[in-house]
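All remarks here apply to the structure that follows.
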Amino acid sequence: MITETEQLEQALATACTEVGVAEHEVRAAHSLLAPLRDKGPIPHIHYLHSLRVGLTARAIGHTTHQDERALLLAGVLHDIGKAQVPVAILGKVNEWSRADQRIIQRHVMDGYRLLRGRFDFSAEIMLWHHRFQANGYPKVLPAPLHKYSHSTKAQIVEYGRLLALADVYDALHRPNNKFETGAPLTGLEIREKMLAFNPDRIPLVEMLYDTGVFATN
Ligand SMILES: [Fe+2]
Ligand SMILES: [Fe+2]
């Protein structure tokens with residue numbers, strides 16, 4: 001029987017072909033993900049989250065007619081900095097001290113440093129994936145890696161926003177996620193939370209449910 005990991009890896013390989021990610025980029029992405037693969041309290045938990053977020057971000061890009069390749073890569077690579085977080089802290093559930101939170105928050109800049117030079121556009125996008133939440137971070141962003149046009153700058157922020165939606169949607173499906181402890185949320189409860197957490201994007205969240213990118217079952 002095919003495992004969830006194999007299923008998601010196959011889905012990623014298909015998605016990479018469909019959106020035109022070159023073979024050498026696929027290999028580079030896999031080497032960047034490798035340290036995260038077996039990290040965490042539950043094997044593959046962060047790795048599978050990364051693959052799912054990439055696939056969901058790509059689907060959002062498809063539905064909203066935006067760059068699916070950019071969203072797929074940024075999604076898959078958004079949390080690679082978590083490989084630097086000690087397992088003891090990654091495994092905690094809703095009991096992070098301030099010191100733990102500071103260590104976890106470093107995953108954004110750690111991931112950015114791993115990506116820049118190889119995946120510059122993904123690096124620019126992933127910087128934003130925790131900036132839209134309450135107490136978003138990092139507070140200060142590094143200077144852009146290239147001289148971008150106004151429209152490219154706006155695109156980076158928008159893709160960061162879409163990536164954040166895919167990230168929170170996936171995180172809400174995890175039992176004992178950072179928002180809730182105890183029993184997993186139902187699909188309808190997750191939908192309610194997606195609307196409550198993203199008041200600036202209610203029509204988009206509703207459209208993503210209507211088109212099947214997000215599901216309540
Ligand atoms: Fe993250
Ligand atoms: Fe994430």
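Ligands are numbered from 1 in the order shown, residues from 1 within each chain, and chains are lettered A, B, ... in the order they appear in the structure tokens.
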(request) Report as a ChimeraX atom specification which protein, DNA and RNA residues come within 9 Å of ligand 1, using only C-alpha atoms and all ligand atoms. (result) /A:78-82,104-105,107-108,126,129-130,164,167
List all protein, DNA and RNA residues that have any atom at most 12 Å from ligand 2, counting only C-alpha atoms and all ligand atoms, and write the list as an mmCIF file with C-alpha atoms, in the first residue's frame.
data_model
loop_
_atom_site.group_PDB
_atom_site.id
_atom_site.type_symbol
_atom_site.label_atom_id
_atom_site.label_comp_id
_atom_site.auth_asym_id
_atom_site.auth_seq_id
_atom_site.Cartn_x
_atom_site.Cartn_y
_atom_site.Cartn_z
ATOM 1 C CA LEU A 36 13.454 18.372 7.598
ATOM 2 C CA ILE A 45 5.325 15.748 10.115
ATOM 3 C CA HIS A 46 7.011 18.954 8.935
ATOM 4 C CA TYR A 47 8.119 17.432 5.652
ATOM 5 C CA LEU A 48 4.586 16.355 4.743
ATOM 6 C CA HIS A 49 3.242 19.731 5.871
ATOM 7 C CA SER A 50 5.719 21.351 3.466
ATOM 8 C CA LEU A 51 4.638 19.167 0.541
ATOM 9 C CA ARG A 52 0.933 19.748 1.256
ATOM 10 C CA VAL A 53 1.396 23.500 1.598
ATOM 11 C CA GLY A 54 3.279 23.577 -1.723
ATOM 12 C CA THR A 56 -2.224 23.779 -1.914
ATOM 13 C CA ALA A 57 -0.408 27.044 -2.734
ATOM 14 C CA ALA A 74 7.723 28.814 -2.170
ATOM 15 C CA GLY A 75 5.159 26.550 -0.501
ATOM 16 C CA VAL A 76 7.333 23.457 -0.527
ATOM 17 C CA LEU A 77 10.329 25.391 0.790
ATOM 18 C CA HIS A 78 8.614 27.786 3.226
ATOM 19 C CA ASP A 79 9.526 25.948 6.467
ATOM 20 C CA ILE A 80 12.955 24.468 5.668
ATOM 21 C CA GLY A 81 14.436 26.642 8.432
ATOM 22 C CA LYS A 82 12.589 24.422 10.939
ATOM 23 C CA ILE A 104 10.872 28.859 16.430
ATOM 24 C CA GLN A 105 10.521 32.288 14.856
ATOM 25 C CA HIS A 107 12.987 29.432 11.094
ATOM 26 C CA VAL A 108 11.943 32.174 8.684
ATOM 27 C CA GLY A 111 15.118 29.255 5.739
ATOM 28 C CA MET A 126 8.554 32.823 2.190
ATOM 29 C CA LEU A 127 9.751 35.820 4.232
ATOM 30 C CA TRP A 128 6.078 36.848 4.384
ATOM 31 C CA HIS A 129 4.430 33.609 5.484
ATOM 32 C CA HIS A 130 4.103 34.575 9.171
ATOM 33 C CA GLY A 160 3.344 35.551 0.576
ATOM 34 C CA LEU A 163 1.189 31.048 0.966
ATOM 35 C CA ALA A 164 0.082 32.094 4.458
ATOM 36 C CA LEU A 165 -3.477 30.963 3.637
ATOM 37 C CA ALA A 166 -2.236 27.533 2.483
ATOM 38 C CA ASP A 167 -0.004 27.274 5.568
ATOM 39 C CA VAL A 168 -2.737 28.067 8.113
ATOM 40 C CA TYR A 169 -5.256 25.839 6.319
ATOM 41 C CA ASP A 170 -2.865 22.882 6.610
ATOM 42 C CA ALA A 171 -1.845 23.693 10.188
ATOM 43 C CA LEU A 172 -5.506 23.711 11.282
ATOM 44 C CA HIS A 173 -5.822 20.093 10.125
ATOM 45 C CA ARG A 174 -3.130 18.966 12.538
ATOM 46 C CA ASN A 177 -2.047 22.416 16.325
ATOM 47 C CA LYS A 178 -0.791 25.761 17.527
#
(request) Identify all residues of segment 47-146 of chain A in alpha helix (DSSP H) (DSSP on the backbone) and supply them as a PyMOL selection string. (result) chain A and resi 47-63+68-77+87-90+98-115+120-126
Save out the residues we just selected, C-alpha atoms, as a PDB file, in the first residue's frame.
ATOM      1  CA  TYR A  47       8.119  17.432   5.652  1.00  0.00           C
ATOM      2  CA  LEU A  48       4.586  16.355   4.743  1.00  0.00           C
ATOM      3  CA  HIS A  49       3.242  19.731   5.871  1.00  0.00           C
ATOM      4  CA  SER A  50       5.719  21.351   3.466  1.00  0.00           C
ATOM      5  CA  LEU A  51       4.638  19.167   0.541  1.00  0.00           C
ATOM      6  CA  ARG A  52       0.933  19.748   1.256  1.00  0.00           C
ATOM      7  CA  VAL A  53       1.396  23.500   1.598  1.00  0.00           C
ATOM      8  CA  GLY A  54       3.279  23.577  -1.723  1.00  0.00           C
ATOM      9  CA  LEU A  55       0.516  21.657  -3.491  1.00  0.00           C
ATOM     10  CA  THR A  56      -2.224  23.779  -1.914  1.00  0.00           C
ATOM     11  CA  ALA A  57      -0.408  27.044  -2.734  1.00  0.00           C
ATOM     12  CA  ARG A  58      -0.071  25.851  -6.328  1.00  0.00           C
ATOM     13  CA  ALA A  59      -3.804  25.047  -6.442  1.00  0.00           C
ATOM     14  CA  ILE A  60      -4.582  28.535  -5.112  1.00  0.00           C
ATOM     15  CA  GLY A  61      -2.339  29.942  -7.869  1.00  0.00           C
ATOM     16  CA  HIS A  62      -4.205  27.907 -10.471  1.00  0.00           C
ATOM     17  CA  THR A  63      -7.633  29.037  -9.266  1.00  0.00           C
ATOM     18  CA  GLU A  68       1.638  28.315  -9.987  1.00  0.00           C
ATOM     19  CA  ARG A  69       5.345  27.500 -10.244  1.00  0.00           C
ATOM     20  CA  ALA A  70       6.348  30.321  -7.871  1.00  0.00           C
ATOM     21  CA  LEU A  71       3.658  29.312  -5.371  1.00  0.00           C
ATOM     22  CA  LEU A  72       4.515  25.608  -5.547  1.00  0.00           C
ATOM     23  CA  LEU A  73       8.225  26.201  -4.890  1.00  0.00           C
ATOM     24  CA  ALA A  74       7.723  28.814  -2.170  1.00  0.00           C
ATOM     25  CA  GLY A  75       5.159  26.550  -0.501  1.00  0.00           C
ATOM     26  CA  VAL A  76       7.333  23.457  -0.527  1.00  0.00           C
ATOM     27  CA  LEU A  77      10.329  25.391   0.790  1.00  0.00           C
ATOM     28  CA  VAL A  87      13.220  18.577  18.239  1.00  0.00           C
ATOM     29  CA  ALA A  88      12.270  19.115  21.898  1.00  0.00           C
ATOM     30  CA  ILE A  89      10.832  22.529  21.001  1.00  0.00           C
ATOM     31  CA  LEU A  90       9.240  21.416  17.722  1.00  0.00           C
ATOM     32  CA  ARG A  98       8.706  33.081  25.042  1.00  0.00           C
ATOM     33  CA  ALA A  99      12.212  31.700  24.615  1.00  0.00           C
ATOM     34  CA  ASP A 100      10.828  28.740  22.601  1.00  0.00           C
ATOM     35  CA  GLN A 101       8.813  31.110  20.443  1.00  0.00           C
ATOM     36  CA  ARG A 102      11.890  33.206  19.696  1.00  0.00           C
ATOM     37  CA  ILE A 103      13.752  30.049  18.633  1.00  0.00           C
ATOM     38  CA  ILE A 104      10.872  28.859  16.430  1.00  0.00           C
ATOM     39  CA  GLN A 105      10.521  32.288  14.856  1.00  0.00           C
ATOM     40  CA  ARG A 106      14.092  32.061  13.641  1.00  0.00           C
ATOM     41  CA  HIS A 107      12.987  29.432  11.094  1.00  0.00           C
ATOM     42  CA  VAL A 108      11.943  32.174   8.684  1.00  0.00           C
ATOM     43  CA  MET A 109      15.335  33.885   8.482  1.00  0.00           C
ATOM     44  CA  ASP A 110      17.173  30.546   8.678  1.00  0.00           C
ATOM     45  CA  GLY A 111      15.118  29.255   5.739  1.00  0.00           C
ATOM     46  CA  TYR A 112      15.644  32.504   3.836  1.00  0.00           C
ATOM     47  CA  ARG A 113      19.423  32.194   4.190  1.00  0.00           C
ATOM     48  CA  LEU A 114      19.296  28.607   2.908  1.00  0.00           C
ATOM     49  CA  LEU A 115      17.199  29.596  -0.104  1.00  0.00           C
ATOM     50  CA  ASP A 120      15.724  33.853  -4.704  1.00  0.00           C
ATOM     51  CA  PHE A 121      12.056  34.360  -5.583  1.00  0.00           C
ATOM     52  CA  SER A 122      10.974  31.626  -3.151  1.00  0.00           C
ATOM     53  CA  ALA A 123      13.194  33.244  -0.502  1.00  0.00           C
ATOM     54  CA  GLU A 124      11.483  36.627  -1.006  1.00  0.00           C
ATOM     55  CA  ILE A 125       7.993  35.067  -0.835  1.00  0.00           C
ATOM     56  CA  MET A 126       8.554  32.823   2.190  1.00  0.00           C
TER      57      MET A 126
END
(message) Under the rule that only C-alpha atoms are counted, which of A:Leu162, A:Leu32, A:Leu188, A:Leu145 is the nearest residue to Arg201 of chain A?
(response)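 Of the candidates, the smallest distance to Arg201 of chain A is held by A:Leu162.
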(request) Have a look at A:His30, A:Asn135, A:Ser151, A:Gly91 and name the one nearest to Ile42 of chain A; count only C-alpha atoms. (result)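 Result for the nearest residue to Ile42 of chain A: A:Gly91.
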